[in-house]
file final.pdb (PDB, C-alpha atoms)
MODEL        1
ATOM      1  CA  MET A 752     -46.686 -10.845  10.314
ATOM      2  CA  SER A 753     -50.166  -9.389  10.350
ATOM      3  CA  LEU A 754     -52.748 -10.123  12.988
ATOM      4  CA  PHE A 755     -54.841 -12.069  10.454
ATOM      5  CA  SER A 756     -51.853 -14.249   9.462
ATOM      6  CA  SER A 757     -51.109 -14.968  13.111
ATOM      7  CA  LEU A 758     -54.688 -16.013  13.805
ATOM      8  CA  LYS A 759     -54.823 -18.120  10.659
ATOM      9  CA  SER A 760     -51.635 -20.012  11.578
ATOM     10  CA  MET A 761     -52.990 -20.677  15.080
ATOM     11  CA  PHE A 762     -56.179 -22.296  13.815
ATOM     12  CA  SER A 763     -55.079 -23.991  10.623
ATOM     13  CA  THR A 764     -53.750 -27.513  10.670
ATOM     14  CA  ASP A 765     -51.721 -29.299   8.047
ATOM     15  CA  THR A 766     -53.705 -32.475   7.389
ATOM     16  CA  THR A 767     -51.272 -33.804   4.804
ATOM     17  CA  PRO A 768     -49.915 -37.050   6.237
ATOM     18  CA  ALA A 769     -46.160 -37.535   6.125
ATOM     19  CA  ALA A 770     -44.945 -40.139   3.646
ATOM     20  CA  PRO A 771     -43.864 -43.483   5.113
ATOM     21  CA  SER A 772     -40.226 -44.575   4.764
ATOM     22  CA  VAL A 773     -40.114 -47.892   2.905
ATOM     23  CA  MET A 774     -37.414 -50.108   4.396
ATOM     24  CA  GLU A 775     -35.768 -53.397   3.412
ATOM     25  CA  SER A 776     -38.195 -56.294   2.881
ATOM     26  CA  GLU A 777     -38.014 -59.676   4.573
ATOM     27  CA  GLU A 778     -39.163 -63.051   3.238
ATOM     28  CA  TYR A 779     -41.114 -65.137   5.767
ATOM     29  CA  ARG A 780     -42.885 -68.436   4.956
ATOM     30  CA  GLY A 781     -43.516 -67.428   1.343
ATOM     31  CA  PHE A 782     -44.682 -63.908   2.230
ATOM     32  CA  THR A 783     -42.794 -60.677   1.658
ATOM     33  CA  ILE A 784     -43.008 -58.244   4.571
ATOM     34  CA  THR A 785     -42.061 -54.630   3.847
ATOM     35  CA  PRO A 786     -41.922 -52.221   6.789
ATOM     36  CA  ALA A 787     -42.747 -48.583   6.049
ATOM     37  CA  PRO A 788     -42.684 -46.646   9.348
ATOM     38  CA  MET A 789     -44.978 -43.634   9.103
ATOM     39  CA  PRO A 790     -43.939 -40.403  10.846
ATOM     40  CA  ASP A 791     -46.477 -39.434  13.500
ATOM     41  CA  GLY A 792     -45.394 -36.294  15.299
ATOM     42  CA  SER A 793     -41.978 -37.020  16.769
ATOM     43  CA  GLN A 794     -42.567 -40.799  16.658
ATOM     44  CA  PHE A 795     -43.234 -43.478  14.035
ATOM     45  CA  ARG A 796     -46.429 -45.493  13.500
ATOM     46  CA  VAL A 797     -46.251 -49.226  12.681
ATOM     47  CA  ASN A 798     -47.019 -49.477   8.957
ATOM     48  CA  GLY A 799     -46.096 -51.605   5.958
ATOM     49  CA  THR A 800     -47.306 -54.281   3.554
ATOM     50  CA  ILE A 801     -47.503 -58.056   3.455
ATOM     51  CA  ASN A 802     -47.383 -59.571  -0.047
ATOM     52  CA  LYS A 803     -47.651 -63.041  -1.504
ATOM     53  CA  GLU A 804     -47.640 -63.586  -5.250
ATOM     54  CA  GLN A 805     -50.077 -60.987  -6.666
ATOM     55  CA  GLN A 806     -51.875 -60.326  -3.374
ATOM     56  CA  SER A 807     -51.141 -57.487  -0.978
ATOM     57  CA  HIS A 808     -52.322 -56.546   2.509
ATOM     58  CA  ALA A 809     -51.815 -53.046   3.933
ATOM     59  CA  PHE A 810     -50.603 -53.386   7.509
ATOM     60  CA  ILE A 811     -51.069 -50.385   9.834
ATOM     61  CA  ARG A 812     -51.369 -50.410  13.597
ATOM     62  CA  ALA A 813     -51.981 -47.854  16.327
ATOM     63  CA  ASP A 814     -48.573 -48.536  17.901
ATOM     64  CA  VAL A 815     -46.067 -45.680  17.794
ATOM     65  CA  LEU A 816     -42.386 -46.018  18.653
ATOM     66  CA  ALA A 817     -39.539 -43.588  19.178
ATOM     67  CA  THR A 818     -37.309 -44.591  16.241
ATOM     68  CA  LYS A 819     -37.795 -45.714  12.668
ATOM     69  CA  ASP A 820     -35.708 -48.869  13.222
ATOM     70  CA  GLU A 821     -37.636 -49.902  16.358
ATOM     71  CA  CYS A 822     -40.857 -49.350  14.449
ATOM     72  CA  ALA A 823     -39.691 -51.475  11.496
ATOM     73  CA  GLN A 824     -38.668 -54.314  13.844
ATOM     74  CA  GLU A 825     -42.061 -54.194  15.589
ATOM     75  CA  MET A 826     -43.854 -54.262  12.225
ATOM     76  CA  LEU A 827     -41.842 -57.345  11.202
ATOM     77  CA  ARG A 828     -42.616 -59.065  14.518
ATOM     78  CA  LYS A 829     -46.349 -58.348  14.302
ATOM     79  CA  ALA A 830     -46.526 -59.328  10.620
ATOM     80  CA  ARG A 831     -44.788 -62.683  11.307
ATOM     81  CA  LEU A 832     -47.262 -63.332  14.119
ATOM     82  CA  MET A 833     -50.206 -62.509  11.859
ATOM     83  CA  ILE A 834     -48.865 -64.805   9.122
ATOM     84  CA  ASP A 835     -48.444 -67.624  11.669
ATOM     85  CA  GLN A 836     -51.999 -67.114  12.934
ATOM     86  CA  VAL A 837     -53.992 -66.606   9.723
ATOM     87  CA  GLY A 838     -51.696 -67.495   6.783
ATOM     88  CA  ASP A 839     -53.321 -67.073   3.373
ATOM     89  CA  SER A 840     -56.634 -66.054   4.991
ATOM     90  CA  LEU A 841     -54.980 -62.663   5.392
ATOM     91  CA  PHE A 842     -56.047 -61.815   1.835
ATOM     92  CA  LYS A 843     -59.744 -62.744   2.147
TER      93      LYS A 843
ENDMDL
END
call {"tool": "encode", "arguments": {"input": "final.pdb", "output": "structure tokens"}}
result
Amino acid sequence: MSLFSSLKSMFSTDTTPAAPSVMESEEYRGFTITPAPMPDGSQFRVNGTINKEQQSHAFIRADVLATKDECAQEMLRKARLMIDQVGDSLFK
């Protein structure tokens, strides 16, 4: 590897975000919650969608968890809470 290549690799960053893993959806009070944990380094960021009829809400949070399954469960918990608190106002 040349000196230039070494320097370039030290200072370049890959800004392409990793694709989320879409997991099994859950129905909750007429809404469909679909977790999609997003890789973030060695952890997973809470991410997914909440849908009802033709409306959709992208759901992403700052929380990161160690495993994909833990992350999906946390997304489901937070989405249920949001639905309980705001209901259909989620889409306004």
call {"tool": "axis_aligned_box", "arguments": {"input": "final.pdb", "around": "segment 832-835 of chain A", "padding_each_side": "6 Å", "output": "lines of an AutoDock Vina configuration file"}}
result
center_x = -48.7
center_y = -65.1
center_z = 11.6
size_x = 14.9
size_y = 17.1
size_z = 17.0
call {"tool": "atom_distance", "arguments": {"input": "final.pdb", "atom1": "atom CA of Arg796 of chain A", "atom2": "atom CA of Val815 of chain A"}}
result
4.3 Å
call {"tool": "closest_residue", "arguments": {"input": "final.pdb", "among": "A:Ala830, A:Ala823, A:Ala813, A:Val797", "to": "Met774 of chain A", "atoms": "only C-alpha atoms"}}
result
A:Ala823
call {"tool": "closest_residue", "arguments": {"input": "final.pdb", "among": "A:Gln794, A:Thr800, A:Gln806, A:Thr818", "to": "Glu775 of chain A", "atoms": "only C-alpha atoms"}}
result
A:Thr800
call {"tool": "residues_around", "arguments": {"input": "final.pdb", "residues": "Ala809 of chain A", "least_positions_apart": "6", "cutoff": "10 Å", "atoms": "all atoms listed in the file", "output": "count of residues only"}}
result
7
call {"tool": "atom_distance", "arguments": {"input": "final.pdb", "atom1": "atom CA of Val773 of chain A", "atom2": "atom CA of Leu841 of chain A"}}
result
21.1 Å
call {"tool": "atom_distance", "arguments": {"input": "final.pdb", "atom1": "atom CA of Ala770 of chain A", "atom2": "atom CA of Asp791 of chain A"}}
result
10.0 Å
call {"tool": "closest_residue", "arguments": {"input": "final.pdb", "among": "A:Lys803, A:His808, A:Lys843, A:Lys819", "to": "Tyr779 of chain A", "atoms": "only C-alpha atoms"}}
result
A:Lys803
call {"tool": "residues_around", "arguments": {"input": "final.pdb", "residues": "Pro771 of chain A", "least_positions_apart": "4", "cutoff": "6 Å", "atoms": "all atoms listed in the file", "output": "PyMOL selection string"}}
result
chain A and resi 787-789
call {"tool": "closest_residue", "arguments": {"input": "final.pdb", "among": "A:Gln805, A:Asp839, A:Ser772, A:Ile784", "to": "Met826 of chain A", "atoms": "all atoms listed in the file"}}
result
A:Ile784
call {"tool": "closest_residue", "arguments": {"input": "final.pdb", "among": "A:Asp820, A:Glu804, A:Glu825, A:Asp814", "to": "Phe782 of chain A", "atoms": "all atoms listed in the file"}}
result
A:Glu804
call {"tool": "closest_residue", "arguments": {"input": "final.pdb", "among": "A:Phe795, A:Leu816, A:Ser807, A:Arg780", "to": "Leu832 of chain A", "atoms": "only C-alpha atoms"}}
result
A:Arg780
call {"tool": "decode", "arguments": {"input": "final.pdb", "residues": "segment 802-814 of chain A", "atoms": "all heavy atoms", "output": "PDB file, in the first residue's frame"}}
result
ATOM      1  N   ASN A 802     -47.919   2.425  10.508  1.00  0.00           N
ATOM      2  CA  ASN A 802     -48.854   2.625   9.400  1.00  0.00           C
ATOM      3  C   ASN A 802     -50.287   2.435   9.869  1.00  0.00           C
ATOM      4  O   ASN A 802     -50.554   1.643  10.768  1.00  0.00           O
ATOM      5  CB  ASN A 802     -48.596   1.615   8.280  1.00  0.00           C
ATOM      6  CG  ASN A 802     -47.221   1.757   7.700  1.00  0.00           C
ATOM      7  OD1 ASN A 802     -46.849   2.815   7.219  1.00  0.00           O
ATOM      8  ND2 ASN A 802     -46.446   0.699   7.769  1.00  0.00           N
ATOM      9  N   LYS A 803     -51.180   3.150   9.220  1.00  0.00           N
ATOM     10  CA  LYS A 803     -52.613   2.957   9.388  1.00  0.00           C
ATOM     11  C   LYS A 803     -53.266   3.364   8.080  1.00  0.00           C
ATOM     12  O   LYS A 803     -53.090   4.493   7.631  1.00  0.00           O
ATOM     13  CB  LYS A 803     -53.170   3.784  10.540  1.00  0.00           C
ATOM     14  CG  LYS A 803     -54.640   3.482  10.808  1.00  0.00           C
ATOM     15  CD  LYS A 803     -55.132   4.184  12.052  1.00  0.00           C
ATOM     16  CE  LYS A 803     -56.565   3.781  12.321  1.00  0.00           C
ATOM     17  NZ  LYS A 803     -57.086   4.480  13.498  1.00  0.00           N
ATOM     18  N   GLU A 804     -53.964   2.412   7.486  1.00  0.00           N
ATOM     19  CA  GLU A 804     -54.587   2.607   6.177  1.00  0.00           C
ATOM     20  C   GLU A 804     -53.535   3.079   5.177  1.00  0.00           C
ATOM     21  O   GLU A 804     -52.544   2.398   4.985  1.00  0.00           O
ATOM     22  CB  GLU A 804     -55.787   3.544   6.297  1.00  0.00           C
ATOM     23  CG  GLU A 804     -56.879   2.981   7.192  1.00  0.00           C
ATOM     24  CD  GLU A 804     -57.922   3.990   7.598  1.00  0.00           C
ATOM     25  OE1 GLU A 804     -57.844   5.165   7.187  1.00  0.00           O
ATOM     26  OE2 GLU A 804     -58.818   3.595   8.358  1.00  0.00           O
ATOM     27  N   GLN A 805     -53.672   4.244   4.594  1.00  0.00           N
ATOM     28  CA  GLN A 805     -52.714   4.728   3.591  1.00  0.00           C
ATOM     29  C   GLN A 805     -51.690   5.696   4.172  1.00  0.00           C
ATOM     30  O   GLN A 805     -50.913   6.292   3.445  1.00  0.00           O
ATOM     31  CB  GLN A 805     -53.469   5.436   2.445  1.00  0.00           C
ATOM     32  CG  GLN A 805     -54.444   4.537   1.716  1.00  0.00           C
ATOM     33  CD  GLN A 805     -53.735   3.367   1.059  1.00  0.00           C
ATOM     34  OE1 GLN A 805     -52.670   3.514   0.484  1.00  0.00           O
ATOM     35  NE2 GLN A 805     -54.337   2.187   1.149  1.00  0.00           N
ATOM     36  N   GLN A 806     -51.688   5.853   5.501  1.00  0.00           N
ATOM     37  CA  GLN A 806     -50.781   6.802   6.135  1.00  0.00           C
ATOM     38  C   GLN A 806     -49.603   6.066   6.763  1.00  0.00           C
ATOM     39  O   GLN A 806     -49.739   4.949   7.249  1.00  0.00           O
ATOM     40  CB  GLN A 806     -51.525   7.604   7.191  1.00  0.00           C
ATOM     41  CG  GLN A 806     -52.674   8.406   6.605  1.00  0.00           C
ATOM     42  CD  GLN A 806     -53.484   9.073   7.696  1.00  0.00           C
ATOM     43  OE1 GLN A 806     -53.779   8.473   8.712  1.00  0.00           O
ATOM     44  NE2 GLN A 806     -53.840  10.328   7.465  1.00  0.00           N
ATOM     45  N   SER A 807     -48.450   6.746   6.769  1.00  0.00           N
ATOM     46  CA  SER A 807     -47.241   6.138   7.305  1.00  0.00           C
ATOM     47  C   SER A 807     -46.436   7.178   8.084  1.00  0.00           C
ATOM     48  O   SER A 807     -46.381   8.348   7.710  1.00  0.00           O
ATOM     49  CB  SER A 807     -46.392   5.576   6.163  1.00  0.00           C
ATOM     50  OG  SER A 807     -45.256   4.945   6.673  1.00  0.00           O
ATOM     51  N   HIS A 808     -45.833   6.737   9.171  1.00  0.00           N
ATOM     52  CA  HIS A 808     -44.985   7.600   9.991  1.00  0.00           C
ATOM     53  C   HIS A 808     -43.643   6.913  10.193  1.00  0.00           C
ATOM     54  O   HIS A 808     -43.588   5.789  10.703  1.00  0.00           O
ATOM     55  CB  HIS A 808     -45.652   7.857  11.352  1.00  0.00           C
ATOM     56  CG  HIS A 808     -44.804   8.638  12.303  1.00  0.00           C
ATOM     57  ND1 HIS A 808     -44.637   9.998  12.188  1.00  0.00           N
ATOM     58  CD2 HIS A 808     -44.071   8.251  13.375  1.00  0.00           C
ATOM     59  CE1 HIS A 808     -43.829  10.414  13.170  1.00  0.00           C
ATOM     60  NE2 HIS A 808     -43.480   9.364  13.897  1.00  0.00           N
ATOM     61  N   ALA A 809     -42.561   7.562   9.760  1.00  0.00           N
ATOM     62  CA  ALA A 809     -41.216   7.026   9.990  1.00  0.00           C
ATOM     63  C   ALA A 809     -40.870   7.241  11.455  1.00  0.00           C
ATOM     64  O   ALA A 809     -41.068   8.326  12.004  1.00  0.00           O
ATOM     65  CB  ALA A 809     -40.205   7.740   9.097  1.00  0.00           C
ATOM     66  N   PHE A 810     -40.393   6.189  12.094  1.00  0.00           N
ATOM     67  CA  PHE A 810     -40.143   6.198  13.530  1.00  0.00           C
ATOM     68  C   PHE A 810     -38.665   5.900  13.751  1.00  0.00           C
ATOM     69  O   PHE A 810     -38.199   4.792  13.521  1.00  0.00           O
ATOM     70  CB  PHE A 810     -41.007   5.106  14.178  1.00  0.00           C
ATOM     71  CG  PHE A 810     -41.035   5.126  15.676  1.00  0.00           C
ATOM     72  CD1 PHE A 810     -42.022   5.821  16.346  1.00  0.00           C
ATOM     73  CD2 PHE A 810     -40.096   4.425  16.404  1.00  0.00           C
ATOM     74  CE1 PHE A 810     -42.064   5.819  17.738  1.00  0.00           C
ATOM     75  CE2 PHE A 810     -40.130   4.421  17.795  1.00  0.00           C
ATOM     76  CZ  PHE A 810     -41.118   5.116  18.459  1.00  0.00           C
ATOM     77  N   ILE A 811     -37.885   6.915  14.152  1.00  0.00           N
ATOM     78  CA  ILE A 811     -36.462   6.709  14.435  1.00  0.00           C
ATOM     79  C   ILE A 811     -36.136   7.455  15.720  1.00  0.00           C
ATOM     80  O   ILE A 811     -36.615   8.563  15.945  1.00  0.00           O
ATOM     81  CB  ILE A 811     -35.550   7.161  13.269  1.00  0.00           C
ATOM     82  CG1 ILE A 811     -34.110   6.800  13.546  1.00  0.00           C
ATOM     83  CG2 ILE A 811     -35.730   8.615  12.949  1.00  0.00           C
ATOM     84  CD1 ILE A 811     -33.192   6.902  12.351  1.00  0.00           C
ATOM     85  N   ARG A 812     -35.361   6.803  16.564  1.00  0.00           N
ATOM     86  CA  ARG A 812     -35.000   7.383  17.849  1.00  0.00           C
ATOM     87  C   ARG A 812     -33.487   7.327  18.036  1.00  0.00           C
ATOM     88  O   ARG A 812     -32.778   6.592  17.355  1.00  0.00           O
ATOM     89  CB  ARG A 812     -35.688   6.627  19.002  1.00  0.00           C
ATOM     90  CG  ARG A 812     -37.212   6.718  18.972  1.00  0.00           C
ATOM     91  CD  ARG A 812     -37.636   8.162  19.239  1.00  0.00           C
ATOM     92  NE  ARG A 812     -39.081   8.345  19.236  1.00  0.00           N
ATOM     93  CZ  ARG A 812     -39.790   8.724  18.177  1.00  0.00           C
ATOM     94  NH1 ARG A 812     -39.212   8.920  17.029  1.00  0.00           N
ATOM     95  NH2 ARG A 812     -41.090   8.905  18.268  1.00  0.00           N
ATOM     96  N   ALA A 813     -32.999   8.061  19.000  1.00  0.00           N
ATOM     97  CA  ALA A 813     -31.566   8.107  19.279  1.00  0.00           C
ATOM     98  C   ALA A 813     -31.089   6.862  20.019  1.00  0.00           C
ATOM     99  O   ALA A 813     -29.890   6.584  20.046  1.00  0.00           O
ATOM    100  CB  ALA A 813     -31.235   9.347  20.105  1.00  0.00           C
ATOM    101  N   ASP A 814     -32.006   6.101  20.592  1.00  0.00           N
ATOM    102  CA  ASP A 814     -31.631   4.920  21.376  1.00  0.00           C
ATOM    103  C   ASP A 814     -30.873   3.906  20.534  1.00  0.00           C
ATOM    104  O   ASP A 814     -31.264   3.619  19.409  1.00  0.00           O
ATOM    105  CB  ASP A 814     -32.879   4.217  21.918  1.00  0.00           C
ATOM    106  CG  ASP A 814     -33.794   5.136  22.666  1.00  0.00           C
ATOM    107  OD1 ASP A 814     -34.552   5.877  22.011  1.00  0.00           O
ATOM    108  OD2 ASP A 814     -33.750   5.102  23.899  1.00  0.00           O
TER     109      ASP A 814
END
